[in-house]
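Take a look at the structure below.
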Amino acid sequence: MKKRWMLLLILILVLAACGKEEKETLLETDGTSTVYESEESLTHSMEGVTLKLDYTVNKVSAEPGELILEIKGTIENEYSQIVYYTPDFTIQTLEQDEIEQLSSSVENEQIMVNPQMETTFNVTYLIPQHIYDENKSLNMRVPAAFKEPESESSGDALGDFANWEIPIK
């Protein structure tokens, strides 16, 4: 009986070591690691429209270099008509150095959200290593949703833009 428990314990240790090694290999081959992750969603409430943003800062490789700011957003339309949203965020340092946008999941740069529906999107920004080293946070300006496509008129806006200071470390 004692011999079976010893064999079972050895088997558990071997299997546990295999799983751990496999996880480390995946991280090494992927080349990215999460440096910072938002603790809770940033929420911007407008007239019948709610925007929620979550973000992570990822180091692309083990070498010193650039970092990636990935923003995952959800826009929910509780308004009675179609609304339009352009996830064109302005990301800057406190000294107003702009952070470059790399990619967006929105092809034509504007999202049409039907009434009582929600849509998700992703936007990615490049943070140079020196900007990351010199700053603990960045400023993010978030635009409002609009009643009309391609509109920038305050009469069509369903609220105002939001400004957030987002921690990156």
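Note on naming: chains are A, B, ... as they come in the structure tokens, residues start from 1 per chain, ligands start from 1 in the order shown.
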task: Within 9 Å of A:Lys147, counting only C-alpha atoms, which residues show up once you throw out same-chain ones fewer than 4 positions away? Write them as a PyMOL selection string, please.
output: chain A and resi 81-84+151+155-158
message: I want to know what sits within 12 Å of A:Leu94, based on only C-alpha atoms, with residues of the same chain fewer than 3 positions away left out; could you give that as a VMD selection string?
response: chain A and resid 91 97 to 99 131 to 132 134 to 140 164 to 167
- prompt: Looking only at the backbone, which of the residues in stretch 38-168 of chain A does DSSP tag as strand (DSSP E or B), as an MDAnalysis selection string?
  reply: chainID A and resid 42:45 49:59 67:77 83:85 90:92 98 100:104 111:113 117:127 137:142 146 157 162:167
message: Could you list, as a list in words, every residue within 8 Å of A:Ser38, counting only C-alpha atoms and ignoring same-chain residues fewer than 4 positions away?
response: Asp54, Tyr55, Thr56 and Pro167 of chain A
Expected file contents, prior selection, all heavy atoms, as a PDB file, in the first residue's frame:
ATOM      1  N   ASP A  54     -10.922  48.048 -21.569  1.00  0.00           N
ATOM      2  CA  ASP A  54      -9.923  47.324 -20.791  1.00  0.00           C
ATOM      3  C   ASP A  54      -8.629  47.397 -21.587  1.00  0.00           C
ATOM      4  O   ASP A  54      -8.649  47.405 -22.820  1.00  0.00           O
ATOM      5  CB  ASP A  54     -10.326  45.860 -20.595  1.00  0.00           C
ATOM      6  CG  ASP A  54     -11.543  45.718 -19.703  1.00  0.00           C
ATOM      7  OD1 ASP A  54     -11.442  46.066 -18.520  1.00  0.00           O
ATOM      8  OD2 ASP A  54     -12.592  45.290 -20.208  1.00  0.00           O
ATOM      9  N   TYR A  55      -7.500  47.443 -20.891  1.00  0.00           N
ATOM     10  CA  TYR A  55      -6.242  47.543 -21.627  1.00  0.00           C
ATOM     11  C   TYR A  55      -5.138  46.766 -20.939  1.00  0.00           C
ATOM     12  O   TYR A  55      -5.198  46.484 -19.740  1.00  0.00           O
ATOM     13  CB  TYR A  55      -5.832  49.013 -21.819  1.00  0.00           C
ATOM     14  CG  TYR A  55      -5.448  49.728 -20.547  1.00  0.00           C
ATOM     15  CD1 TYR A  55      -4.114  49.813 -20.161  1.00  0.00           C
ATOM     16  CD2 TYR A  55      -6.398  50.312 -19.724  1.00  0.00           C
ATOM     17  CE1 TYR A  55      -3.750  50.476 -18.999  1.00  0.00           C
ATOM     18  CE2 TYR A  55      -6.050  50.977 -18.565  1.00  0.00           C
ATOM     19  CZ  TYR A  55      -4.719  51.051 -18.200  1.00  0.00           C
ATOM     20  OH  TYR A  55      -4.357  51.698 -17.046  1.00  0.00           O
ATOM     21  N   THR A  56      -4.144  46.400 -21.738  1.00  0.00           N
ATOM     22  CA  THR A  56      -2.938  45.756 -21.231  1.00  0.00           C
ATOM     23  C   THR A  56      -1.727  46.418 -21.896  1.00  0.00           C
ATOM     24  O   THR A  56      -1.823  46.924 -23.010  1.00  0.00           O
ATOM     25  CB  THR A  56      -2.894  44.240 -21.538  1.00  0.00           C
ATOM     26  OG1 THR A  56      -2.988  44.042 -22.946  1.00  0.00           O
ATOM     27  CG2 THR A  56      -3.989  43.491 -20.830  1.00  0.00           C
ATOM     28  N   PRO A 167      -2.745  54.317 -15.775  1.00  0.00           N
ATOM     29  CA  PRO A 167      -1.458  53.797 -15.335  1.00  0.00           C
ATOM     30  C   PRO A 167      -0.922  52.767 -16.327  1.00  0.00           C
ATOM     31  O   PRO A 167      -1.699  52.003 -16.924  1.00  0.00           O
ATOM     32  CB  PRO A 167      -1.755  53.129 -13.993  1.00  0.00           C
ATOM     33  CG  PRO A 167      -3.176  53.413 -13.673  1.00  0.00           C
ATOM     34  CD  PRO A 167      -3.830  53.959 -14.883  1.00  0.00           C
TER      35      PRO A 167
END
Å distance separating atom CA of A:Tyr36 from atom CA of A:Glu66, one decimal place: 14.1 Å
- request: Write out as a PyMOL selection string the residues lying within 8 Å of A:Leu102, counting only C-alpha atoms and excluding same-chain residues fewer than 2 positions away.
  value: chain A and resi 100+104+123-126
Would you export the selected residues with N, CA, C and O atoms as a compact mmCIF listing (two decimals), in the first residue's frame, please?
# COMPACT_ATOMS: atom_id res chain seq x y z
N GLU A 100 1.87 56.41 -31.04
CA GLU A 100 1.44 56.01 -32.38
C GLU A 100 0.49 54.82 -32.35
O GLU A 100 0.74 53.82 -31.69
N SER A 104 -6.11 48.71 -35.78
CA SER A 104 -7.47 48.79 -35.26
C SER A 104 -8.29 47.70 -35.93
O SER A 104 -8.10 47.40 -37.10
N VAL A 123 -7.93 48.16 -30.41
CA VAL A 123 -7.01 49.15 -30.96
C VAL A 123 -5.66 48.94 -30.28
O VAL A 123 -5.59 48.69 -29.08
N THR A 124 -4.58 49.03 -31.07
CA THR A 124 -3.24 48.78 -30.56
C THR A 124 -2.34 49.99 -30.80
O THR A 124 -2.37 50.57 -31.89
N TYR A 125 -1.55 50.34 -29.79
CA TYR A 125 -0.63 51.47 -29.87
C TYR A 125 0.78 51.01 -29.53
O TYR A 125 0.97 50.08 -28.76
N LEU A 126 1.77 51.69 -30.10
CA LEU A 126 3.18 51.40 -29.86
C LEU A 126 3.73 52.37 -28.82
O LEU A 126 3.66 53.59 -29.01
Neighbour list for A:Val106 as a list of chain:residue names, cut-off 8 Å, only C-alpha atoms, skip fewer than 3 positions in-chain: A:Glu109, A:Gln110, A:Ile111, A:Phe121, A:Asn122
- request: Enter the distance from atom CA of A:Thr93 to atom CA of A:Glu152, in Å, rounded to one decimal.
  value: 25.0 Å
Nearest to A:Glu40, chosen from A:His130, A:Arg141, A:Lys169, A:Lys52, with only C-alpha atoms counted in the distances: A:Lys52
- prompt: Which residues, written as a list of chain:residue names, have at least one atom at most 7 Å from stretch 118-120 of chain A, with only C-alpha atoms counted and residues fewer than 6 positions away on the same chain left out?
  reply: A:Gly73, A:Thr74, A:Ile75, A:Glu76, A:Asn77
- request: Using only C-alpha atoms, find the one residue out of A:Glu148, A:Glu95, A:Asp88, A:Glu78 that sits nearest to A:Met112.
  value: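 Under the stated criterion, the closest residue is A:Glu148.
When atom CA of A:Lys72 is paired with atom CA of A:Val35, their separation reads 16.2 Å.
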